[in-house]
file model19.tsv (TSV, C-alpha atoms and all ligand atoms)
chain	number	residue	atom	x	y	z
H	58	MET	CA	0.73	18.33	-5.46
H	59	ILE	CA	4.27	19.60	-4.82
H	60	GLU	CA	6.38	16.46	-4.57
H	61	THR	CA	8.41	16.09	-1.39
H	62	VAL	CA	9.88	13.14	0.43
H	63	PHE	CA	6.74	13.18	2.58
H	64	SER	CA	4.34	13.00	-0.38
H	65	LYS	CA	6.35	9.96	-1.51
H	66	ILE	CA	5.93	8.39	1.93
H	67	ILE	CA	2.16	9.05	1.79
H	68	ALA	CA	2.07	7.40	-1.66
H	69	ARG	CA	4.13	4.48	-0.24
H	70	GLU	CA	6.77	5.16	-2.90
H	71	ILE	CA	9.45	5.21	-0.21
H	72	PRO	CA	9.31	3.28	3.06
H	73	ALA	CA	8.76	4.70	6.52
H	74	ASP	CA	8.33	3.21	9.97
H	75	ILE	CA	4.68	4.22	10.41
H	76	VAL	CA	3.24	4.45	13.92
H	77	TYR	CA	-0.14	6.14	13.31
H	78	GLU	CA	-2.48	6.76	10.41
H	79	SER	CA	-5.87	8.42	10.00
H	80	ASP	CA	-7.78	9.75	7.00
H	81	GLU	CA	-6.01	13.09	7.42
H	82	LEU	CA	-2.64	12.29	8.99
H	83	LEU	CA	0.32	9.94	8.87
H	84	ALA	CA	3.01	9.57	11.56
H	85	PHE	CA	6.34	7.76	11.33
H	86	HIS	CA	9.80	7.72	12.89
H	87	ASP	CA	12.21	10.42	11.71
H	88	ILE	CA	15.08	9.04	9.60
H	89	ASN	CA	17.59	11.25	11.46
H	90	PRO	CA	16.35	11.25	15.06
H	91	GLN	CA	17.25	14.14	17.36
H	92	ALA	CA	16.16	12.23	20.46
H	93	PRO	CA	15.77	8.54	21.37
H	94	ILE	CA	12.20	8.84	20.05
H	95	HIS	CA	11.58	11.25	17.18
H	96	ILE	CA	8.30	10.97	15.31
H	97	LEU	CA	6.87	13.15	12.56
H	98	VAL	CA	3.13	13.75	12.23
H	99	ILE	CA	2.38	14.93	8.70
H	100	THR	CA	-0.79	16.06	7.00
H	101	LYS	CA	-1.92	14.03	4.02
H	102	GLN	CA	-2.98	17.32	2.43
H	103	PRO	CA	0.08	19.00	0.89
H	104	ILE	CA	0.20	22.18	3.00
H	105	PRO	CA	3.78	23.54	2.61
H	106	THR	CA	4.28	25.45	5.87
H	107	LEU	CA	2.51	26.59	9.03
H	108	ASN	CA	2.10	29.96	7.27
H	109	ASP	CA	-0.18	28.26	4.76
H	110	LEU	CA	-2.60	26.97	7.38
H	111	GLN	CA	-6.05	28.54	6.91
H	112	ASP	CA	-9.10	28.91	9.15
H	113	GLN	CA	-10.62	25.96	7.29
H	114	HIS	CA	-7.76	23.83	8.64
H	115	ALA	CA	-8.68	24.40	12.30
H	116	GLN	CA	-9.95	20.85	12.74
H	117	LEU	CA	-6.91	19.42	10.98
H	118	ALA	CA	-4.56	21.43	13.20
H	119	GLY	CA	-6.35	20.13	16.27
H	120	GLN	CA	-6.13	16.59	14.94
H	121	MET	CA	-2.34	16.93	14.71
H	122	LEU	CA	-2.12	17.69	18.44
H	123	LEU	CA	-4.56	14.94	19.33
H	124	ALA	CA	-2.51	12.51	17.24
H	125	ALA	CA	0.61	13.54	19.18
H	126	ARG	CA	-1.23	12.86	22.43
H	127	GLN	CA	-2.38	9.46	21.16
H	128	ILE	CA	1.07	8.45	19.91
H	129	ALA	CA	2.64	9.45	23.24
H	130	ALA	CA	0.12	7.28	25.06
H	131	ASP	CA	0.46	4.35	22.65
H	132	LEU	CA	4.27	4.38	22.65
H	133	GLY	CA	4.45	4.80	26.41
H	134	PHE	CA	6.13	8.19	26.87
H	135	ALA	CA	3.11	10.33	27.80
H	136	ALA	CA	3.91	10.30	31.51
H	137	SER	CA	7.68	10.83	31.21
H	138	GLY	CA	7.07	13.68	28.78
H	139	TYR	CA	7.90	14.88	25.33
H	140	ARG	CA	8.26	17.96	23.16
H	141	VAL	CA	6.09	18.89	20.17
H	142	LEU	CA	7.28	21.45	17.67
H	143	ILE	CA	6.77	22.73	14.16
H	144	ASN	CA	9.60	24.33	12.19
H	145	CYS	CA	8.49	27.09	9.80
H	146	ASN	CA	10.60	28.41	6.94
H	147	GLN	CA	14.34	29.06	6.99
H	148	ASP	CA	14.76	30.62	10.44
H	149	GLY	CA	12.56	27.93	11.94
H	150	GLY	CA	14.84	25.26	10.49
H	151	GLN	CA	12.30	23.79	8.06
H	152	ASP	CA	13.78	21.49	5.41
H	153	VAL	CA	10.76	19.63	4.04
H	154	TRP	CA	8.02	21.82	2.56
H	155	HIS	CA	5.11	19.73	3.73
H	156	LEU	CA	3.49	20.58	7.06
H	157	HIS	CA	4.62	18.33	9.88
H	158	LEU	CA	4.87	18.28	13.63
H	159	HIS	CA	7.87	16.79	15.44
H	160	ILE	CA	7.45	14.70	18.60
H	161	LEU	CA	10.70	14.33	20.57
H	162	ALA	CA	10.92	12.04	23.60
H	163	GLY	CA	13.16	9.71	25.55
H	164	ARG	CA	15.54	12.29	27.02
H	165	ARG	CA	15.37	15.52	29.00
H	166	MET	CA	14.96	18.45	26.57
H	167	GLY	CA	16.96	21.61	27.08
H	168	TRP	CA	15.49	25.10	27.13
H	169	PRO	CA	15.94	27.39	25.33
H	170	PRO	CA	16.39	25.24	22.21
H	171	GLY	CA	19.58	25.79	20.23
O	201	LIG	P1	12.05	19.95	9.18
O	201	LIG	O1	13.48	20.35	9.31
O	201	LIG	O2	11.50	20.23	7.79
O	201	LIG	O3	11.17	20.48	10.26
O	201	LIG	O4	12.03	18.39	9.42
O	201	LIG	C1	12.13	17.46	8.40
O	201	LIG	C2	12.45	16.14	9.04
O	201	LIG	O5	12.24	15.12	8.09
O	201	LIG	C3	13.91	16.02	9.51
O	201	LIG	O6	13.94	15.78	10.91
O	201	LIG	C4	14.43	14.85	8.70
O	201	LIG	O7	15.33	14.02	9.41
O	201	LIG	C5	13.18	14.11	8.30
O	201	LIG	N1	13.28	13.37	7.06
O	201	LIG	C6	13.79	13.81	5.89
O	201	LIG	N2	13.72	12.86	4.95
O	201	LIG	C7	13.14	11.78	5.54
O	201	LIG	C8	12.78	10.48	5.06
O	201	LIG	O8	12.98	10.11	3.91
O	201	LIG	N3	12.19	9.64	5.95
O	201	LIG	C9	11.93	10.01	7.24
O	201	LIG	N4	11.35	9.11	8.02
O	201	LIG	N5	12.26	11.23	7.72
O	201	LIG	C10	12.85	12.10	6.87

call {"tool": "encode", "arguments": {"input": "model19.tsv", "output": "structure tokens", "more": "lines below"}}
Ligand code: 5GP
result
Amino acid sequence: MIETVFSKIIAREIPADIVYESDELLAFHDINPQAPIHILVITKQPIPTLNDLQDQHAQLAGQMLLAARQIAADLGFAASGYRVLINCNQDGGQDVWHLHLHILAGRRMGWPPG
């Protein structure tokens, strides 16, 4: 496995404020939040980027969205709304090479994004 800060969180080698866990996924608060609520949903499998997602990962990809829906309901921001996004590679603003989805909530999001 390529070691990243996220693989260390999965291994519980570094702490994180975990809000959701399944066999396939882990979700926790971002250390540098870009909104009042900023949660990351990461795969436990070490898939580096969205470009590396394969047909065999279709169920996993769906689980990431369903986890976002569940977290929004559990944390109470489903009705007010939220944004879900995945950064891919340099132009997408990706910094950690381990597939993850961002959930941003708690303020009105601008469009287009900066
Ligand atoms: P990316 O830019 O790769 O899409 O997003 C990576 C995210 O991981 C950033 O929002 C960053 O703040 C977050 N992050 C980086 N290191 C840590 C960490 O050690 N703990 C947590 N909870 N989040 C982290």

call {"tool": "residues_near_ligand", "arguments": {"input": "model19.tsv", "ligand": "ligand LIG 201 (chain O)", "cutoff": "10 Å", "atoms": "all atoms listed in the file", "output": "ChimeraX atom specification"}}
result
/H:61-63,65-66,71-75,84-91,95-97,99,105-106,142-147,149-159

call {"tool": "closest_residue", "arguments": {"input": "model19.tsv", "among": "H:Thr100, H:Leu110, H:Leu117, H:Ala162", "to": "Arg140 of chain H", "atoms": "all atoms listed in the file"}}
result
H:Ala162

call {"tool": "closest_residue", "arguments": {"input": "model19.tsv", "among": "H:Ile59, H:Pro170, H:Arg164, H:Val76", "to": "Ala130 of chain H", "atoms": "all atoms listed in the file"}}
result
H:Val76

call {"tool": "atom_distance", "arguments": {"input": "model19.tsv", "atom1": "atom CA of Gln113 of chain H", "atom2": "atom CA of Ile128 of chain H"}}
result
24.5 Å

call {"tool": "closest_residue", "arguments": {"input": "model19.tsv", "among": "H:Ile104, H:Ala129, H:Gly171, H:Ile160", "to": "Ala92 of chain H", "atoms": "all atoms listed in the file"}}
result
H:Ile160

call {"tool": "atom_distance", "arguments": {"input": "model19.tsv", "atom1": "atom CA of Arg165 of chain H", "atom2": "atom CA of Phe134 of chain H"}}
result
12.0 Å

call {"tool": "atom_distance", "arguments": {"input": "model19.tsv", "atom1": "atom CA of Tyr77 of chain H", "atom2": "atom CA of Ala115 of chain H"}}
result
20.2 Å

call {"tool": "residues_around", "arguments": {"input": "model19.tsv", "residues": "Gly163 of chain H", "least_positions_apart": "3", "cutoff": "8 Å", "atoms": "only C-alpha atoms", "output": "list of chain:residue names"}}
result
H:Ala92, H:Pro93, H:Ile94, H:Phe134, H:Ser137, H:Gly138, H:Tyr139

call {"tool": "closest_residue", "arguments": {"input": "model19.tsv", "among": "H:Glu70, H:Ser64, H:Gly133, H:Gln120", "to": "Lys101 of chain H", "atoms": "all atoms listed in the file"}}
result
H:Ser64

call {"tool": "closest_residue", "arguments": {"input": "model19.tsv", "among": "H:Leu123, H:Ile67, H:Leu161, H:Val98", "to": "Val141 of chain H", "atoms": "only C-alpha atoms"}}
result
H:Leu161
